[in-house]
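Working notes, structure below.
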There are 2 protein chains.
Amino acid sequence: MPAELSWSGWGDPAQSSDLPAAVLELLRTGLGVTRATPAPAAIEELTLHAPRLPAAVARRLSATVGAAHAGDDHATRARHALGRSTLDLLALRAGAPLPAPDLVLTPGSHAEVMAILEICSDGRVAVVPFGGGTSVVGGVSPDAAGFAGWVVLDLARLDALHELDTESRLARLGPGLRGPDAEAQLGARGYTIGHFPQSFEYASLGGFAAARSSGQASAGYGRFDDLVVALRVAAPAGELALGRAPKSAAGPDLRQLVLGSEGAFGVITELTVQVRPVPELRIYDGWRLPDFAAGCAALRRLAQDGPVPTVLRLSDEAETAVGLAGPNAIGSGTATGCLAIAGYEGAGEEVRARRAGAAAVLQDAGGRIDPEAGAAWARERYRGPYLRDALLDAGALVETLETVTFWRAVPELYAAVTAALRDTLTAAGTPPIILCHVSHVYRAGASLYFTVACAQAQDPAAQWRAAKRMTGAAILAHGGSISHHHGIGRDHRDELARELGDLGVELLRSVKRTLDPSGILNPGILIAQ
Amino acid sequence: MPAELSWSGWGDPAQSSDLPAAVLELLRTGLGVTRATPAPAAIEELTLHAPRLPAAVARRLSATVGAAHAGDDHATRARHALGRSTLDLLALRAGAPLPAPDLVLTPGSHAEVMAILEICSDGRVAVVPFGGGTSVVGGVSPDAAGFAGWVVLDLARLDALHELDTESRLARLGPGLRGPDAEAQLGARGYTIGHFPQSFEYASLGGFAAARSSGQASAGYGRFDDLVVALRVAAPAGELALGRAPKSAAGPDLRQLVLGSEGAFGVITELTVQVRPVPELRIYDGWRLPDFAAGCAALRRLAQDGPVPTVLRLSDEAETAVGLAGPNAIGSGTATGCLAIAGYEGAGEEVRARRAGAAAVLQDAGGRIDPEAGAAWARERYRGPYLRDALLDAGALVETLETVTFWRAVPELYAAVTAALRDTLTAAGTPPIILCHVSHVYRAGASLYFTVACAQAQDPAAQWRAAKRMTGAAILAHGGSISHHHGIGRDHRDELARELGDLGVELLRSVKRTLDPSGILNPGILIAQ
């Protein structure tokens, strides 16, 4: 099991990366990075807003879970104050006092969650459901100002594998289970969920569902929202038990209102997800395609006519050159063309047939197989966020963002997002490098995942917010959705409002009013208060 | 193109079935059918409730579409008064005055729909969106009593193929297009939607979406709700434009609130659906499996581990014996075991490989291939409803109902529904025959589709309502959803309320209040007023 998530960056501090000298030199000469902004040395150095939850309410809340499961010490408050966006990491480095929860509760049951919601509704206390704390869109940072306090509901103890139905291939699980714990428990019985996003090692199943996560193997296993068949939800207005079958015609699919609700409508206290037998065989091939357009056409052909690899992604020329497909190779990139990863998981014979069929399509597009690149990708697949920490420490601004659209609009969206990032950051005096890959494919479309890096300006948070605002506008103007799998949180809520239109937002508000009449759940997340 | 839907039963009157003498004899001796209750000879014989829409409102409404597209004559009113459930057909035969719309409007644009909704909201006039009129759950029969009138919005003129994007494999279409028209227009350009429910020849695309239809080839092409990627919706409160990508993490998926809303939340005025190239090859095999349990296990294995046929269904012993897999063979059935249909559509080589793989699984389950049974199924696949008309005319009560659950619960649900139908109808003095097939399969579960026939009692509508009530209770008590693909309409709304629970229903109400504040859209459909 991985160590506790670093309070100041990503993952296990023991696994953090130092940047090779060549990369540091590249940052200086290529991007003009001059100032280092390392993270503080110790969590005690952070300054937090003073707690303000009335003592009587805090006592009632603590009593619901027991004192051992209620924490209000500095470190506990600090560890639940922020997610892991670049803006979050910059806030930890900025030295200004940080908004932080007053109290962190770790309930042990659905009933305890319901009791907490009742007390907080009565007392108008903001409640933030908290899984792995890995949001990169401000998903655990509420607008708590108008509330009597801010309580975090850490779901870590709701981590049971309640039931494995091998006949229906379904597992009923607690939302607090982290990816590796869920896979270890299911794996011991021969099953896997097959959901492996970059946040896999730290994010929770409840978070995957609440934020519509999509993993690296989604072409084969499906997105997490495709895998969820049933949900139990605790809301201030009561309980929802949704999902009696994989699909039905019993009215609108209300599961789809909870998936993507990011803790603003209710707290997922149990979820039932589809599982599969642990694959006999896993193979990840690298492929060198002539250029991004040829690569996109090949991915589209695979997605539409098959055979569909389990993992399928394609770096553009810039990302291929930098070698981000394997971050440890950064700076060593001399590769030309575009690197694709095509991975296959399943039964031996089936995997071999699928791999041969996909190879024919990739060869037909001018691809050459590069087995070492596939192995490198598999080795490094969860390393990206560590690299970001090191780059931030060295004084670079680095962040990722993503979008999705229909195939026909992919070239226009790619160009528009690239231009928005380049123009905004260049005008600010910090010309960026911009890398992109197709991260997920569907019959009808694909997602584009961008990584951007430049020198930090004097106020790097303001610098990034300006770039993000222009990029969001470009996404919406050119046919994209504001997020393919990072979610909305606080950071994308204005763009979500534009994407859905006034009546769409009013629909979300009406659902929230029904489930959460006092508006205490994750206020300011998903929709403005 | 098919003829206009018969006003008194199913389909094209020229294609109606006469029952063979052997079947009539079977009805008499086997089920005790004695009284014939033929449909009235002419539509003029129907008595309709008097219209009550204020003349001034009627004039304003007619002006929005032009007099040529507004009808209030007897035949037009009668043809839009009911769907095609057995209860609807019994009502047409009963002789009592029928509730009927006051006015049938056929708008030519989204803007005309919006104008009609505004006038009807102001005047508190019930509005029923109407596609093919093929609902079997009372979906076009509103609770209009508390309203100033009842207007039908016949969407037949919104029948354009607006756009075919061959790169993204998407078609933007009008909701009024009937299945065959859509397939003909797309087929001329080399594409198909691949959605072929039994109602295919008469139902509309808007209806498929609004009622979450699932076709006979859903194992291969997906359910209709899986195929819809974008929707334009006219609601009294405004317009919704939903869907910028196949999937996204931009909050809850609001498309899933419109899909399944059955005209109670808004009127779908455009929809974008996934299309595929017209298959090179179509093969439908029959397979004889030893029994229903062995057959279910084989279908589960195919659905979970593949290869998945495009069409996959399995009749139980009773349905196999009666020969309902091909209704024209009724009464000739001497077959034992259970008949499965496994169909394959696609490119030649791919179809051959998939067929060979599936054949190995079916053989492994003790199956013997029966090519003629596959051909008969394909020939007869849309004939079932004609047979129902003939049986009703002869004095039998015959209806279908369906449900869906996870694989583990399938045997229990099958037994419980069978027992509820048998016990209720036997206690009423009309012992039934009950036939069932697995109509749709998923990795996690399957649907069960029942056909029941018995002698008509003195009040056949009351007889069927009682049986249906007990069956609905059995479905909910044994883990099923109240409908897999027929939908909710009026007939299942009480069961839907139990399936979703009070808070789930309150969610639907809040969505309806937001989109349709005056409550004029399909009142009493989906949720009680």
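Starting from 1 in every chain, residues are counted up; chains themselves are A, B, ... following the order of the structure tokens, and ligands are numbered from 1 as listed.
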
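Residue neighbourhood of stretch 464-469 of chain B, excluding near-sequence residues (fewer than 5 positions): B:Leu421, B:Thr424, B:Leu425, at 7 Å, using only C-alpha atoms.
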
Please produce a file of the residues just selected, as a PDB file, in the first residue's frame, where the atoms kept are C-alpha atoms.
```
ATOM      1  CA  LEU B 421     -49.008 -14.041 -13.467  1.00  0.00           C
ATOM      2  CA  THR B 424     -53.413 -14.059 -10.223  1.00  0.00           C
ATOM      3  CA  LEU B 425     -54.952 -15.119 -13.505  1.00  0.00           C
TER       4      LEU B 425
END
```

I want to know what sits within 10 Å of A:His195, based on only C-alpha atoms, with residues of the same chain fewer than 5 positions away left out; could you give that as a PyMOL selection string?
chain A and resi 179+183+200+205+208+213-218+220-224+227+275

For the residues in that selection, give me N, CA, C and O atoms as a short mmCIF file (atom, residue, chain, number, x, y, z; two decimals), in the first residue's frame.
```cif
data_model
loop_
_atom_site.label_atom_id
_atom_site.label_comp_id
_atom_site.auth_asym_id
_atom_site.auth_seq_id
_atom_site.Cartn_x
_atom_site.Cartn_y
_atom_site.Cartn_z
N GLY A 179 -7.63 3.19 -4.66
CA GLY A 179 -7.43 2.31 -5.81
C GLY A 179 -6.64 1.05 -5.49
O GLY A 179 -7.12 -0.08 -5.72
N GLU A 183 -8.03 -2.87 -5.53
CA GLU A 183 -7.47 -3.85 -6.46
C GLU A 183 -6.83 -5.02 -5.70
O GLU A 183 -6.90 -6.16 -6.16
N PHE A 200 -4.44 6.94 -9.44
CA PHE A 200 -4.83 5.63 -8.91
C PHE A 200 -4.30 5.34 -7.51
O PHE A 200 -5.02 4.83 -6.65
N LEU A 205 -12.47 5.33 -4.45
CA LEU A 205 -13.55 4.90 -5.34
C LEU A 205 -14.71 5.90 -5.35
O LEU A 205 -15.31 6.16 -6.39
N PHE A 208 -13.70 8.64 -7.57
CA PHE A 208 -13.79 8.24 -8.98
C PHE A 208 -15.23 8.42 -9.49
O PHE A 208 -15.47 8.87 -10.60
N SER A 213 -14.39 9.91 -13.08
CA SER A 213 -13.01 9.62 -13.45
C SER A 213 -12.94 8.71 -14.68
O SER A 213 -13.85 7.93 -14.95
N SER A 214 -11.86 8.84 -15.41
CA SER A 214 -11.62 7.94 -16.53
C SER A 214 -10.16 7.51 -16.48
O SER A 214 -9.28 8.34 -16.33
N GLY A 215 -9.92 6.22 -16.55
CA GLY A 215 -8.57 5.71 -16.33
C GLY A 215 -7.80 5.49 -17.62
O GLY A 215 -8.33 5.64 -18.73
N GLN A 216 -6.54 5.13 -17.46
CA GLN A 216 -5.67 4.94 -18.62
C GLN A 216 -6.10 3.75 -19.47
O GLN A 216 -5.77 3.67 -20.65
N ALA A 217 -6.84 2.82 -18.87
CA ALA A 217 -7.27 1.63 -19.60
C ALA A 217 -8.76 1.71 -19.95
O ALA A 217 -9.43 0.69 -20.14
N SER A 218 -9.27 2.94 -20.07
CA SER A 218 -10.72 3.10 -20.27
C SER A 218 -11.19 2.59 -21.63
O SER A 218 -12.35 2.24 -21.79
N GLY A 220 -10.54 -0.15 -22.84
CA GLY A 220 -10.88 -1.55 -22.64
C GLY A 220 -11.89 -1.80 -21.55
O GLY A 220 -12.84 -2.56 -21.73
N TYR A 221 -11.72 -1.14 -20.41
CA TYR A 221 -12.58 -1.42 -19.26
C TYR A 221 -13.77 -0.46 -19.15
O TYR A 221 -14.70 -0.73 -18.42
N GLY A 222 -13.68 0.68 -19.85
CA GLY A 222 -14.72 1.69 -19.71
C GLY A 222 -14.34 2.72 -18.68
O GLY A 222 -13.46 2.51 -17.85
N ARG A 223 -14.99 3.86 -18.75
CA ARG A 223 -14.83 4.91 -17.76
C ARG A 223 -15.40 4.42 -16.43
O ARG A 223 -16.21 3.51 -16.39
N PHE A 224 -15.04 5.11 -15.35
CA PHE A 224 -15.58 4.67 -14.06
C PHE A 224 -17.10 4.83 -14.04
O PHE A 224 -17.81 3.99 -13.48
N LEU A 227 -18.80 1.92 -15.26
CA LEU A 227 -18.65 0.71 -14.44
C LEU A 227 -19.59 0.70 -13.24
O LEU A 227 -19.86 -0.36 -12.68
N VAL A 275 -16.84 -5.69 -12.24
CA VAL A 275 -15.46 -6.20 -12.15
C VAL A 275 -15.26 -7.24 -13.26
O VAL A 275 -16.22 -7.72 -13.85
#
```

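Picture a line from atom CA of A:Ala111 to atom CA of A:Ala63; it runs 13.2 Å.
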
Using 7 Å as the limit and counting only C-alpha atoms, can you tabulate each residue of chain B that touches chain A, with its shortest atom-to-atom distance in Å and the two atoms involved, as JSON lines?
```
{"residue": "B:Glu167", "atom": "CA", "partner": "A:Arg408", "partner_atom": "CA", "distance": 5.8}
{"residue": "B:Ser168", "atom": "CA", "partner": "A:Ala444", "partner_atom": "CA", "distance": 4.8}
{"residue": "B:Arg169", "atom": "CA", "partner": "A:Ala444", "partner_atom": "CA", "distance": 6.1}
{"residue": "B:Ala211", "atom": "CA", "partner": "A:Ala249", "partner_atom": "CA", "distance": 6.5}
{"residue": "B:Arg212", "atom": "CA", "partner": "A:Ala249", "partner_atom": "CA", "distance": 5.3}
{"residue": "B:Gly238", "atom": "CA", "partner": "A:Leu503", "partner_atom": "CA", "distance": 6.8}
{"residue": "B:Leu240", "atom": "CA", "partner": "A:Leu503", "partner_atom": "CA", "distance": 6.6}
{"residue": "B:Leu242", "atom": "CA", "partner": "A:Leu500", "partner_atom": "CA", "distance": 6.9}
{"residue": "B:Arg244", "atom": "CA", "partner": "A:Ser481", "partner_atom": "CA", "distance": 5.8}
{"residue": "B:Ala245", "atom": "CA", "partner": "A:Thr405", "partner_atom": "CA", "distance": 4.3}
{"residue": "B:Pro246", "atom": "CA", "partner": "A:Ala444", "partner_atom": "CA", "distance": 6.0}
{"residue": "B:Ser248", "atom": "CA", "partner": "A:His484", "partner_atom": "CA", "distance": 4.3}
{"residue": "B:Ala249", "atom": "CA", "partner": "A:His485", "partner_atom": "CA", "distance": 4.8}
{"residue": "B:Ala250", "atom": "CA", "partner": "A:Ser483", "partner_atom": "CA", "distance": 5.4}
{"residue": "B:Gly251", "atom": "CA", "partner": "A:Gly260", "partner_atom": "CA", "distance": 4.4}
{"residue": "B:Pro252", "atom": "CA", "partner": "A:Gly260", "partner_atom": "CA", "distance": 4.4}
{"residue": "B:Asp253", "atom": "CA", "partner": "A:Gln256", "partner_atom": "CA", "distance": 5.7}
{"residue": "B:Gln256", "atom": "CA", "partner": "A:Asp253", "partner_atom": "CA", "distance": 5.7}
{"residue": "B:Leu257", "atom": "CA", "partner": "A:Pro252", "partner_atom": "CA", "distance": 4.8}
{"residue": "B:Val258", "atom": "CA", "partner": "A:Pro252", "partner_atom": "CA", "distance": 6.6}
{"residue": "B:Leu259", "atom": "CA", "partner": "A:Pro252", "partner_atom": "CA", "distance": 5.8}
{"residue": "B:Gly260", "atom": "CA", "partner": "A:Gly251", "partner_atom": "CA", "distance": 4.4}
{"residue": "B:Ser261", "atom": "CA", "partner": "A:Pro252", "partner_atom": "CA", "distance": 5.6}
{"residue": "B:Gln274", "atom": "CA", "partner": "A:Ala444", "partner_atom": "CA", "distance": 7.0}
{"residue": "B:Val404", "atom": "CA", "partner": "A:Ala245", "partner_atom": "CA", "distance": 6.0}
{"residue": "B:Thr405", "atom": "CA", "partner": "A:Ala245", "partner_atom": "CA", "distance": 4.4}
{"residue": "B:Phe406", "atom": "CA", "partner": "A:Ala245", "partner_atom": "CA", "distance": 5.4}
{"residue": "B:Trp407", "atom": "CA", "partner": "A:Ser168", "partner_atom": "CA", "distance": 4.9}
{"residue": "B:Arg408", "atom": "CA", "partner": "A:Ser168", "partner_atom": "CA", "distance": 5.7}
{"residue": "B:Tyr442", "atom": "CA", "partner": "A:Pro246", "partner_atom": "CA", "distance": 7.0}
{"residue": "B:Ala444", "atom": "CA", "partner": "A:Ser168", "partner_atom": "CA", "distance": 4.8}
{"residue": "B:Gly445", "atom": "CA", "partner": "A:Pro246", "partner_atom": "CA", "distance": 6.2}
{"residue": "B:Gly479", "atom": "CA", "partner": "A:Arg244", "partner_atom": "CA", "distance": 6.4}
{"residue": "B:Gly480", "atom": "CA", "partner": "A:Arg244", "partner_atom": "CA", "distance": 6.2}
{"residue": "B:Ser481", "atom": "CA", "partner": "A:Arg244", "partner_atom": "CA", "distance": 5.8}
{"residue": "B:Ile482", "atom": "CA", "partner": "A:Ala250", "partner_atom": "CA", "distance": 6.2}
{"residue": "B:Ser483", "atom": "CA", "partner": "A:Ala249", "partner_atom": "CA", "distance": 5.3}
{"residue": "B:His484", "atom": "CA", "partner": "A:Ser248", "partner_atom": "CA", "distance": 4.3}
{"residue": "B:His485", "atom": "CA", "partner": "A:Ala249", "partner_atom": "CA", "distance": 4.8}
{"residue": "B:His486", "atom": "CA", "partner": "A:Ala249", "partner_atom": "CA", "distance": 6.6}
{"residue": "B:Gly487", "atom": "CA", "partner": "A:Ala249", "partner_atom": "CA", "distance": 4.9}
{"residue": "B:Ile488", "atom": "CA", "partner": "A:Ala250", "partner_atom": "CA", "distance": 6.0}
{"residue": "B:Leu496", "atom": "CA", "partner": "A:Ala250", "partner_atom": "CA", "distance": 6.5}
{"residue": "B:Leu500", "atom": "CA", "partner": "A:Leu242", "partner_atom": "CA", "distance": 6.9}
{"residue": "B:Leu503", "atom": "CA", "partner": "A:Leu240", "partner_atom": "CA", "distance": 6.6}
{"residue": "B:Gly504", "atom": "CA", "partner": "A:Leu240", "partner_atom": "CA", "distance": 6.6}
{"residue": "B:Leu507", "atom": "CA", "partner": "A:Val511", "partner_atom": "CA", "distance": 6.1}
{"residue": "B:Ser510", "atom": "CA", "partner": "A:Ser510", "partner_atom": "CA", "distance": 5.9}
{"residue": "B:Val511", "atom": "CA", "partner": "A:Leu507", "partner_atom": "CA", "distance": 6.1}
{"residue": "B:Thr514", "atom": "CA", "partner": "A:Leu507", "partner_atom": "CA", "distance": 6.4}
{"residue": "B:Leu526", "atom": "CA", "partner": "A:Gly251", "partner_atom": "CA", "distance": 6.8}
```

For B:Gln15, find every residue with an atom within 12 Å (counting only C-alpha atoms), except residues of its own chain fewer than 2 positions away, and show them as JSON, numbers by chain.
{"B": [2, 3, 4, 5, 6, 9, 10, 11, 12, 13, 17, 18, 382, 383, 384, 385, 386, 387, 389, 390]}

Write to file, as a PDB file, in the first residue's frame, the residues of the selection just made, with N, CA and C atoms.
```
ATOM      1  N   PRO B   2     -43.666   1.854 -44.505  1.00  0.00           N
ATOM      2  CA  PRO B   2     -44.882   1.184 -44.046  1.00  0.00           C
ATOM      3  C   PRO B   2     -46.096   2.103 -44.194  1.00  0.00           C
ATOM      4  N   ALA B   3     -47.256   1.483 -44.238  1.00  0.00           N
ATOM      5  CA  ALA B   3     -48.500   2.246 -44.275  1.00  0.00           C
ATOM      6  C   ALA B   3     -48.730   2.932 -42.933  1.00  0.00           C
ATOM      7  N   GLU B   4     -49.740   3.796 -42.898  1.00  0.00           N
ATOM      8  CA  GLU B   4     -50.117   4.444 -41.639  1.00  0.00           C
ATOM      9  C   GLU B   4     -50.495   3.377 -40.611  1.00  0.00           C
ATOM     10  N   LEU B   5     -50.160   3.634 -39.360  1.00  0.00           N
ATOM     11  CA  LEU B   5     -50.477   2.677 -38.295  1.00  0.00           C
ATOM     12  C   LEU B   5     -51.990   2.499 -38.202  1.00  0.00           C
ATOM     13  N   SER B   6     -52.415   1.252 -38.161  1.00  0.00           N
ATOM     14  CA  SER B   6     -53.837   0.951 -37.996  1.00  0.00           C
ATOM     15  C   SER B   6     -54.416   1.711 -36.814  1.00  0.00           C
ATOM     16  N   GLY B   9     -55.358  -1.238 -34.112  1.00  0.00           N
ATOM     17  CA  GLY B   9     -54.451  -2.304 -33.706  1.00  0.00           C
ATOM     18  C   GLY B   9     -53.066  -1.981 -34.193  1.00  0.00           C
ATOM     19  N   TRP B  10     -52.334  -2.985 -34.594  1.00  0.00           N
ATOM     20  CA  TRP B  10     -50.953  -2.764 -34.990  1.00  0.00           C
ATOM     21  C   TRP B  10     -50.809  -2.692 -36.503  1.00  0.00           C
ATOM     22  N   GLY B  11     -49.912  -1.806 -36.924  1.00  0.00           N
ATOM     23  CA  GLY B  11     -49.295  -1.890 -38.233  1.00  0.00           C
ATOM     24  C   GLY B  11     -50.211  -1.638 -39.405  1.00  0.00           C
ATOM     25  N   ASP B  12     -49.903  -2.296 -40.474  1.00  0.00           N
ATOM     26  CA  ASP B  12     -50.557  -2.145 -41.769  1.00  0.00           C
ATOM     27  C   ASP B  12     -51.700  -3.147 -41.827  1.00  0.00           C
ATOM     28  N   PRO B  13     -52.958  -2.653 -41.888  1.00  0.00           N
ATOM     29  CA  PRO B  13     -54.091  -3.595 -41.893  1.00  0.00           C
ATOM     30  C   PRO B  13     -53.961  -4.649 -42.990  1.00  0.00           C
ATOM     31  N   SER B  17     -52.891 -10.708 -39.481  1.00  0.00           N
ATOM     32  CA  SER B  17     -52.862 -12.170 -39.494  1.00  0.00           C
ATOM     33  C   SER B  17     -54.242 -12.743 -39.227  1.00  0.00           C
ATOM     34  N   ASP B  18     -54.585 -13.801 -39.910  1.00  0.00           N
ATOM     35  CA  ASP B  18     -55.695 -14.629 -39.448  1.00  0.00           C
ATOM     36  C   ASP B  18     -55.087 -15.787 -38.675  1.00  0.00           C
ATOM     37  N   TYR B 382     -40.733  -8.604 -36.696  1.00  0.00           N
ATOM     38  CA  TYR B 382     -41.651  -7.490 -36.391  1.00  0.00           C
ATOM     39  C   TYR B 382     -43.120  -7.922 -36.403  1.00  0.00           C
ATOM     40  N   ARG B 383     -43.383  -9.243 -36.413  1.00  0.00           N
ATOM     41  CA  ARG B 383     -44.761  -9.720 -36.608  1.00  0.00           C
ATOM     42  C   ARG B 383     -45.555  -9.864 -35.313  1.00  0.00           C
ATOM     43  N   GLY B 384     -44.869  -9.911 -34.154  1.00  0.00           N
ATOM     44  CA  GLY B 384     -45.544 -10.206 -32.899  1.00  0.00           C
ATOM     45  C   GLY B 384     -46.807  -9.390 -32.660  1.00  0.00           C
ATOM     46  N   PRO B 385     -46.754  -8.066 -32.836  1.00  0.00           N
ATOM     47  CA  PRO B 385     -47.941  -7.262 -32.524  1.00  0.00           C
ATOM     48  C   PRO B 385     -49.151  -7.581 -33.407  1.00  0.00           C
ATOM     49  N   TYR B 386     -48.907  -8.021 -34.655  1.00  0.00           N
ATOM     50  CA  TYR B 386     -50.041  -8.421 -35.501  1.00  0.00           C
ATOM     51  C   TYR B 386     -50.765  -9.607 -34.890  1.00  0.00           C
ATOM     52  N   LEU B 387     -49.961 -10.528 -34.364  1.00  0.00           N
ATOM     53  CA  LEU B 387     -50.528 -11.722 -33.762  1.00  0.00           C
ATOM     54  C   LEU B 387     -51.408 -11.353 -32.562  1.00  0.00           C
ATOM     55  N   ASP B 389     -53.186  -8.682 -32.132  1.00  0.00           N
ATOM     56  CA  ASP B 389     -54.488  -8.204 -32.621  1.00  0.00           C
ATOM     57  C   ASP B 389     -55.427  -9.377 -32.914  1.00  0.00           C
ATOM     58  N   ALA B 390     -54.889 -10.380 -33.609  1.00  0.00           N
ATOM     59  CA  ALA B 390     -55.734 -11.518 -33.987  1.00  0.00           C
ATOM     60  C   ALA B 390     -56.203 -12.288 -32.758  1.00  0.00           C
TER      61      ALA B 390
END
```

How would you write, as a ChimeraX atom specification, the set of residues in stretch 99-341 of chain B that DSSP gives as alpha helix (DSSP H)?
/B:110-123,179-187,205-210,218-221,224-227,255-258,292-305,317-322

How about saving the chosen residues, C-alpha atoms kept, as an mmCIF file, in the first residue's frame?
```cif
data_model
loop_
_atom_site.group_PDB
_atom_site.id
_atom_site.type_symbol
_atom_site.label_atom_id
_atom_site.label_comp_id
_atom_site.auth_asym_id
_atom_site.auth_seq_id
_atom_site.Cartn_x
_atom_site.Cartn_y
_atom_site.Cartn_z
ATOM 1 C CA HIS B 110 -38.221 23.969 -32.851
ATOM 2 C CA ALA B 111 -39.480 27.556 -32.754
ATOM 3 C CA GLU B 112 -43.054 26.446 -33.423
ATOM 4 C CA VAL B 113 -42.777 23.908 -30.602
ATOM 5 C CA MET B 114 -41.559 26.658 -28.259
ATOM 6 C CA ALA B 115 -44.455 28.916 -29.290
ATOM 7 C CA ILE B 116 -46.990 26.152 -28.660
ATOM 8 C CA LEU B 117 -45.508 25.425 -25.235
ATOM 9 C CA GLU B 118 -45.749 29.073 -24.299
ATOM 10 C CA ILE B 119 -49.399 29.348 -25.278
ATOM 11 C CA CYS B 120 -50.270 26.101 -23.498
ATOM 12 C CA SER B 121 -48.368 27.113 -20.360
ATOM 13 C CA ASP B 122 -50.279 30.401 -20.257
ATOM 14 C CA GLY B 123 -53.610 28.679 -20.857
ATOM 15 C CA GLY B 179 -37.290 3.912 -37.894
ATOM 16 C CA PRO B 180 -37.548 2.823 -41.558
ATOM 17 C CA ASP B 181 -37.296 6.402 -42.874
ATOM 18 C CA ALA B 182 -34.185 7.059 -40.816
ATOM 19 C CA GLU B 183 -32.587 3.806 -41.931
ATOM 20 C CA ALA B 184 -33.477 4.441 -45.575
ATOM 21 C CA GLN B 185 -31.948 7.927 -45.597
ATOM 22 C CA LEU B 186 -28.828 6.860 -43.726
ATOM 23 C CA GLY B 187 -28.595 3.613 -45.670
ATOM 24 C CA LEU B 205 -36.504 8.406 -33.083
ATOM 25 C CA GLY B 206 -37.752 10.929 -30.537
ATOM 26 C CA GLY B 207 -39.796 8.183 -28.924
ATOM 27 C CA PHE B 208 -36.826 5.824 -28.868
ATOM 28 C CA ALA B 209 -34.883 8.476 -26.944
ATOM 29 C CA ALA B 210 -37.669 9.683 -24.680
ATOM 30 C CA SER B 218 -28.699 -4.001 -28.759
ATOM 31 C CA ALA B 219 -25.994 -6.506 -27.780
ATOM 32 C CA GLY B 220 -24.066 -5.325 -30.839
ATOM 33 C CA TYR B 221 -25.138 -1.733 -31.442
ATOM 34 C CA PHE B 224 -30.784 3.721 -28.035
ATOM 35 C CA ASP B 225 -29.840 5.723 -24.930
ATOM 36 C CA ASP B 226 -26.235 4.558 -25.462
ATOM 37 C CA LEU B 227 -26.338 5.843 -29.028
ATOM 38 C CA ARG B 255 -28.706 14.064 -21.241
ATOM 39 C CA GLN B 256 -29.666 11.200 -18.957
ATOM 40 C CA LEU B 257 -32.465 13.296 -17.441
ATOM 41 C CA VAL B 258 -34.057 13.826 -20.852
ATOM 42 C CA PHE B 292 -33.366 -22.367 -19.853
ATOM 43 C CA ALA B 293 -30.741 -22.510 -17.098
ATOM 44 C CA ALA B 294 -28.079 -23.860 -19.454
ATOM 45 C CA GLY B 295 -29.084 -21.293 -22.049
ATOM 46 C CA CYS B 296 -28.882 -18.415 -19.565
ATOM 47 C CA ALA B 297 -25.441 -19.573 -18.489
ATOM 48 C CA ALA B 298 -24.273 -19.615 -22.108
ATOM 49 C CA LEU B 299 -25.680 -16.139 -22.770
ATOM 50 C CA ARG B 300 -23.987 -14.856 -19.635
ATOM 51 C CA ARG B 301 -20.690 -16.339 -20.730
ATOM 52 C CA LEU B 302 -20.993 -14.657 -24.123
ATOM 53 C CA ALA B 303 -21.989 -11.312 -22.604
ATOM 54 C CA GLN B 304 -19.159 -11.396 -20.065
ATOM 55 C CA ASP B 305 -16.282 -13.011 -21.936
ATOM 56 C CA GLU B 317 -39.107 -24.009 -22.713
ATOM 57 C CA ALA B 318 -42.704 -22.787 -22.974
ATOM 58 C CA GLU B 319 -41.974 -20.110 -25.568
ATOM 59 C CA THR B 320 -39.867 -22.556 -27.542
ATOM 60 C CA ALA B 321 -42.651 -25.130 -27.502
ATOM 61 C CA VAL B 322 -45.282 -22.643 -28.650
#
```

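Residues in contact with stretch 32-34 of chain B at up to 7 Å, not including ones fewer than 2 positions away on its chain and judged by only C-alpha atoms, are Leu27, Arg28, Thr29, Gly30, Ala36, Gly395, Ala396, Ala455 and Gln456 of chain B.
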
Counting only C-alpha atoms, what is within 8 Å of A:Pro107, bar same-chain residues fewer than 6 positions away, as a list in words?
Thr64, Val65, His69, Val113, Leu153, Asp154, Leu155, Arg157 and Leu158 of chain A

Looking only at the backbone, which of the residues in stretch 289-389 of chain A does DSSP tag as strand (DSSP E or B), as a ChimeraX atom specification?
/A:289,311-315,338-346,368-370

Selection near B:Thr451, 9 Å with only C-alpha atoms, sequence-local residues under 5 positions removed, as a PyMOL selection string
chain B and resi 319+398-402+433-437

As a check of understanding: the span from atom CA of A:Val104 to atom CA of A:Pro40 is 22.9 Å

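Across the structure, atom CA of A:Tyr191 and atom CA of A:Pro279 are spaced 8.5 Å apart.
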
Could you check the closest approach to A:Gly472 for each of A:Ala41, A:Ala428, A:Ala419, A:Leu161 and tell me which residue wins, using only C-alpha atoms?
A:Ala419
